[in-house]
$ cat query_26.cif   # mmCIF, C-alpha atoms
data_protein
#
loop_
_atom_site.group_PDB
_atom_site.id
_atom_site.type_symbol
_atom_site.label_atom_id
_atom_site.label_comp_id
_atom_site.auth_asym_id
_atom_site.auth_seq_id
_atom_site.Cartn_x
_atom_site.Cartn_y
_atom_site.Cartn_z
ATOM 1 C CA MET A 12 1.503 -3.650 32.203
ATOM 2 C CA GLN A 13 -0.688 -3.645 29.135
ATOM 3 C CA VAL A 14 0.904 -2.809 25.798
ATOM 4 C CA SER A 15 -1.228 -0.641 23.550
ATOM 5 C CA ARG A 16 -1.469 -1.703 19.934
ATOM 6 C CA PRO A 17 -2.214 0.536 16.992
ATOM 7 C CA ARG A 18 -5.881 0.628 16.101
ATOM 8 C CA ARG A 19 -6.628 -1.416 12.987
ATOM 9 C CA THR A 20 -8.433 0.632 10.373
ATOM 10 C CA GLY A 21 -9.995 -2.274 8.566
ATOM 11 C CA MET A 22 -7.915 -2.327 5.369
ATOM 12 C CA ASP A 23 -8.535 -5.808 4.000
ATOM 13 C CA SER A 24 -5.100 -6.809 2.704
ATOM 14 C CA ARG A 25 -6.374 -10.067 1.154
ATOM 15 C CA ARG A 26 -9.043 -8.196 -0.791
ATOM 16 C CA LEU A 27 -6.428 -5.670 -1.871
ATOM 17 C CA GLU A 28 -4.118 -8.466 -3.069
ATOM 18 C CA ARG A 29 -6.971 -9.940 -5.135
ATOM 19 C CA GLU A 30 -7.876 -6.570 -6.637
ATOM 20 C CA LEU A 31 -4.218 -5.813 -7.385
ATOM 21 C CA GLU A 32 -4.038 -9.145 -9.232
ATOM 22 C CA ASP A 33 -7.145 -8.276 -11.257
ATOM 23 C CA ALA A 34 -5.886 -4.781 -12.141
ATOM 24 C CA PHE A 35 -2.124 -5.153 -12.640
ATOM 25 C CA ASP A 36 0.560 -7.551 -13.757
ATOM 26 C CA GLY A 37 3.153 -8.699 -11.277
ATOM 27 C CA THR A 38 4.110 -11.443 -8.928
ATOM 28 C CA GLN A 39 2.239 -12.575 -5.878
ATOM 29 C CA ALA A 40 5.187 -11.386 -3.781
ATOM 30 C CA ALA A 41 4.973 -7.885 -5.273
ATOM 31 C CA ARG A 42 1.222 -7.715 -4.663
ATOM 32 C CA ARG A 43 1.731 -8.958 -1.108
ATOM 33 C CA ALA A 44 4.404 -6.296 -0.465
ATOM 34 C CA VAL A 45 2.141 -3.521 -1.762
ATOM 35 C CA ALA A 46 -0.840 -4.829 0.226
ATOM 36 C CA ARG A 47 1.287 -4.937 3.373
ATOM 37 C CA ALA A 48 2.518 -1.370 2.816
ATOM 38 C CA ALA A 49 -1.061 -0.204 2.164
ATOM 39 C CA THR A 50 -2.269 -1.896 5.341
ATOM 40 C CA ASP A 51 0.540 -0.279 7.323
ATOM 41 C CA LEU A 52 -0.333 3.102 5.807
ATOM 42 C CA ALA A 53 -4.030 2.671 6.613
ATOM 43 C CA ASP A 54 -3.215 1.557 10.161
ATOM 44 C CA SER A 55 -1.049 4.645 10.664
ATOM 45 C CA GLU A 56 -4.178 6.776 10.117
ATOM 46 C CA GLN A 57 -1.993 9.327 8.326
ATOM 47 C CA PRO A 58 -4.327 9.457 5.278
ATOM 48 C CA SER A 59 -7.258 10.177 7.601
ATOM 49 C CA ARG A 60 -5.409 13.054 9.230
ATOM 50 C CA ASP A 61 -4.079 14.489 5.982
ATOM 51 C CA ARG A 62 -6.976 13.879 3.620
ATOM 52 C CA GLY A 63 -9.975 13.619 5.911
ATOM 53 C CA HIS A 64 -10.923 10.001 5.186
ATOM 54 C CA ALA A 65 -9.612 6.506 5.767
ATOM 55 C CA LEU A 66 -7.696 4.676 3.059
ATOM 56 C CA THR A 67 -9.819 2.130 1.173
ATOM 57 C CA VAL A 68 -9.096 -0.677 -1.258
ATOM 58 C CA PRO A 69 -10.920 1.068 -4.157
ATOM 59 C CA GLU A 70 -8.936 4.259 -3.484
ATOM 60 C CA VAL A 71 -5.621 2.383 -3.596
ATOM 61 C CA ILE A 72 -6.554 0.716 -6.893
ATOM 62 C CA ALA A 73 -7.770 3.993 -8.426
ATOM 63 C CA ASN A 74 -4.604 5.850 -7.478
ATOM 64 C CA LEU A 75 -2.342 3.092 -8.769
ATOM 65 C CA GLU A 76 -4.288 3.144 -12.059
ATOM 66 C CA ASP A 77 -3.360 6.849 -12.346
ATOM 67 C CA ALA A 78 0.359 6.000 -12.414
ATOM 68 C CA PRO A 79 2.191 6.151 -15.750
ATOM 69 C CA ASP A 80 1.690 3.173 -18.035
ATOM 70 C CA GLY A 81 4.292 0.447 -18.043
ATOM 71 C CA LEU A 82 5.122 0.580 -14.328
ATOM 72 C CA SER A 83 5.107 -2.511 -12.133
ATOM 73 C CA VAL A 84 2.661 -2.688 -9.254
ATOM 74 C CA VAL A 85 5.483 -1.815 -6.825
ATOM 75 C CA ASP A 86 6.585 1.130 -8.972
ATOM 76 C CA ARG A 87 2.973 2.288 -9.209
ATOM 77 C CA TRP A 88 2.716 2.144 -5.405
ATOM 78 C CA ASN A 89 5.965 4.049 -4.958
ATOM 79 C CA TRP A 90 4.848 6.635 -7.538
ATOM 80 C CA TRP A 91 1.675 7.288 -5.542
ATOM 81 C CA ILE A 92 3.519 7.311 -2.220
ATOM 82 C CA GLY A 93 5.948 9.842 -3.720
ATOM 83 C CA ALA A 94 3.038 12.079 -4.716
ATOM 84 C CA LEU A 95 1.572 11.849 -1.205
ATOM 85 C CA ASP A 96 4.981 12.607 0.273
ATOM 86 C CA VAL A 97 5.336 15.740 -1.876
ATOM 87 C CA ALA A 98 1.822 16.883 -0.972
ATOM 88 C CA TYR A 99 1.827 16.125 2.761
ATOM 89 C CA GLY A 100 5.241 14.836 3.845
ATOM 90 C CA GLY A 101 5.959 11.745 5.890
ATOM 91 C CA TYR A 102 4.853 9.134 3.374
ATOM 92 C CA ASP A 103 8.261 7.938 2.170
ATOM 93 C CA TYR A 104 8.305 5.493 5.099
ATOM 94 C CA PHE A 105 5.579 3.508 3.305
ATOM 95 C CA SER A 106 7.440 3.004 0.033
ATOM 96 C CA VAL A 107 8.344 -0.546 -0.966
ATOM 97 C CA SER A 108 12.102 -0.973 -1.353
ATOM 98 C CA ALA A 109 12.491 -4.762 -1.296
ATOM 99 C CA VAL A 110 10.157 -7.499 -2.477
ATOM 100 C CA GLY A 111 10.479 -11.153 -1.592
ATOM 101 C CA ASP A 112 10.138 -13.521 -4.481
ATOM 102 C CA ASP A 113 7.405 -16.113 -4.322
ATOM 103 C CA ALA A 114 9.825 -18.405 -2.465
ATOM 104 C CA GLY A 115 10.441 -15.747 0.222
ATOM 105 C CA ASP A 116 13.870 -14.486 -0.868
ATOM 106 C CA LEU A 117 14.282 -10.695 -0.842
ATOM 107 C CA ARG A 118 15.065 -8.713 -3.969
ATOM 108 C CA ARG A 119 15.982 -5.033 -3.990
#
$ encode --input "query_26.cif" --output "structure tokens"
Amino acid sequence: MQVSRPRRTGMDSRRLERELEDAFDGTQAARRAVARAATDLADSEQPSRDRGHALTVPEVIANLEDAPDGLSVVDRWNWWIGALDVAYGGYDYFSVSAVGDDAGDLRR
């Protein structure tokens, strides 16, 4: 029996981590958590269904830049996910609720 796997949309999480580092303050662990959530969101294809196009690295950066000043990269991500959830529903699953520190320990 062959197990089907979700189709990968091509979100480059390493590129996203680098661009998050260039654009925002924060720890490597926070950037990694946001990049992972963004990759999961892109792989879900929900943005394609709801908005008519695949999620891209430049789009993620642009939307996080629209968040209120003074927010962490995780809070910026959750702000955007909240806006998508209000507009379309079903996005709260992709919020980031715990971030490992750079040693791998989880913080909530």
$ resolve_selection --input "query_26.cif" --expression "the PyMOL selection byres ((chain A and resi 27) around 9)" --output "list of chain:residue names"
A:Met22, A:Asp23, A:Ser24, A:Arg25, A:Arg26, A:Glu28, A:Arg29, A:Glu30, A:Leu31, A:Glu32, A:Arg42, A:Arg43, A:Val45, A:Ala46, A:Ala49, A:Val68, A:Pro69, A:Val71, A:Ile72
$ closest_residue --input "query_26.cif" --among "A:Ala109, A:Leu75, A:Leu95, A:Arg62" --to "Ala40 of chain A" --atoms "all atoms listed in the file"
A:Ala109
$ closest_residue --input "query_26.cif" --among "A:Phe35, A:Glu56, A:Asp96, A:Leu66" --to "Ala78 of chain A" --atoms "only C-alpha atoms"
A:Phe35
$ closest_residue --input "query_26.cif" --among "A:Tyr102, A:Gly93, A:Gly111, A:Asp33" --to "Leu52 of chain A" --atoms "only C-alpha atoms"
A:Tyr102
$ axis_aligned_box --input "query_26.cif" --around "segment 82-88 of chain A" --padding-each-side "3 Å" --output "lines of an AutoDock Vina configuration file"
center_x = 4.6
center_y = -0.2
center_z = -9.9
size_x = 9.9
size_y = 11.0
size_z = 14.9
$ closest_residue --input "query_26.cif" --among "A:Asp103, A:Asp36, A:Glu70, A:Asp54" --to "Ser83 of chain A" --atoms "only C-alpha atoms"
A:Asp36
$ atom_distance --input "query_26.cif" --atom1 "atom CA of Pro58 of chain A" --atom2 "atom CA of Ser108 of chain A"
20.6 Å
$ atom_distance --input "query_26.cif" --atom1 "atom CA of Ala41 of chain A" --atom2 "atom CA of Asp61 of chain A"
26.6 Å
$ closest_residue --input "query_26.cif" --among "A:Ala73, A:Gly101, A:Ala65, A:Ser106" --to "Trp88 of chain A" --atoms "only C-alpha atoms"
A:Ser106
$ atom_distance --input "query_26.cif" --atom1 "atom CA of Val107 of chain A" --atom2 "atom CA of Arg47 of chain A"
9.4 Å
$ closest_residue --input "query_26.cif" --among "A:Ser59, A:Gly37, A:Gly21, A:Thr67" --to "Leu82 of chain A" --atoms "only C-alpha atoms"
A:Gly37
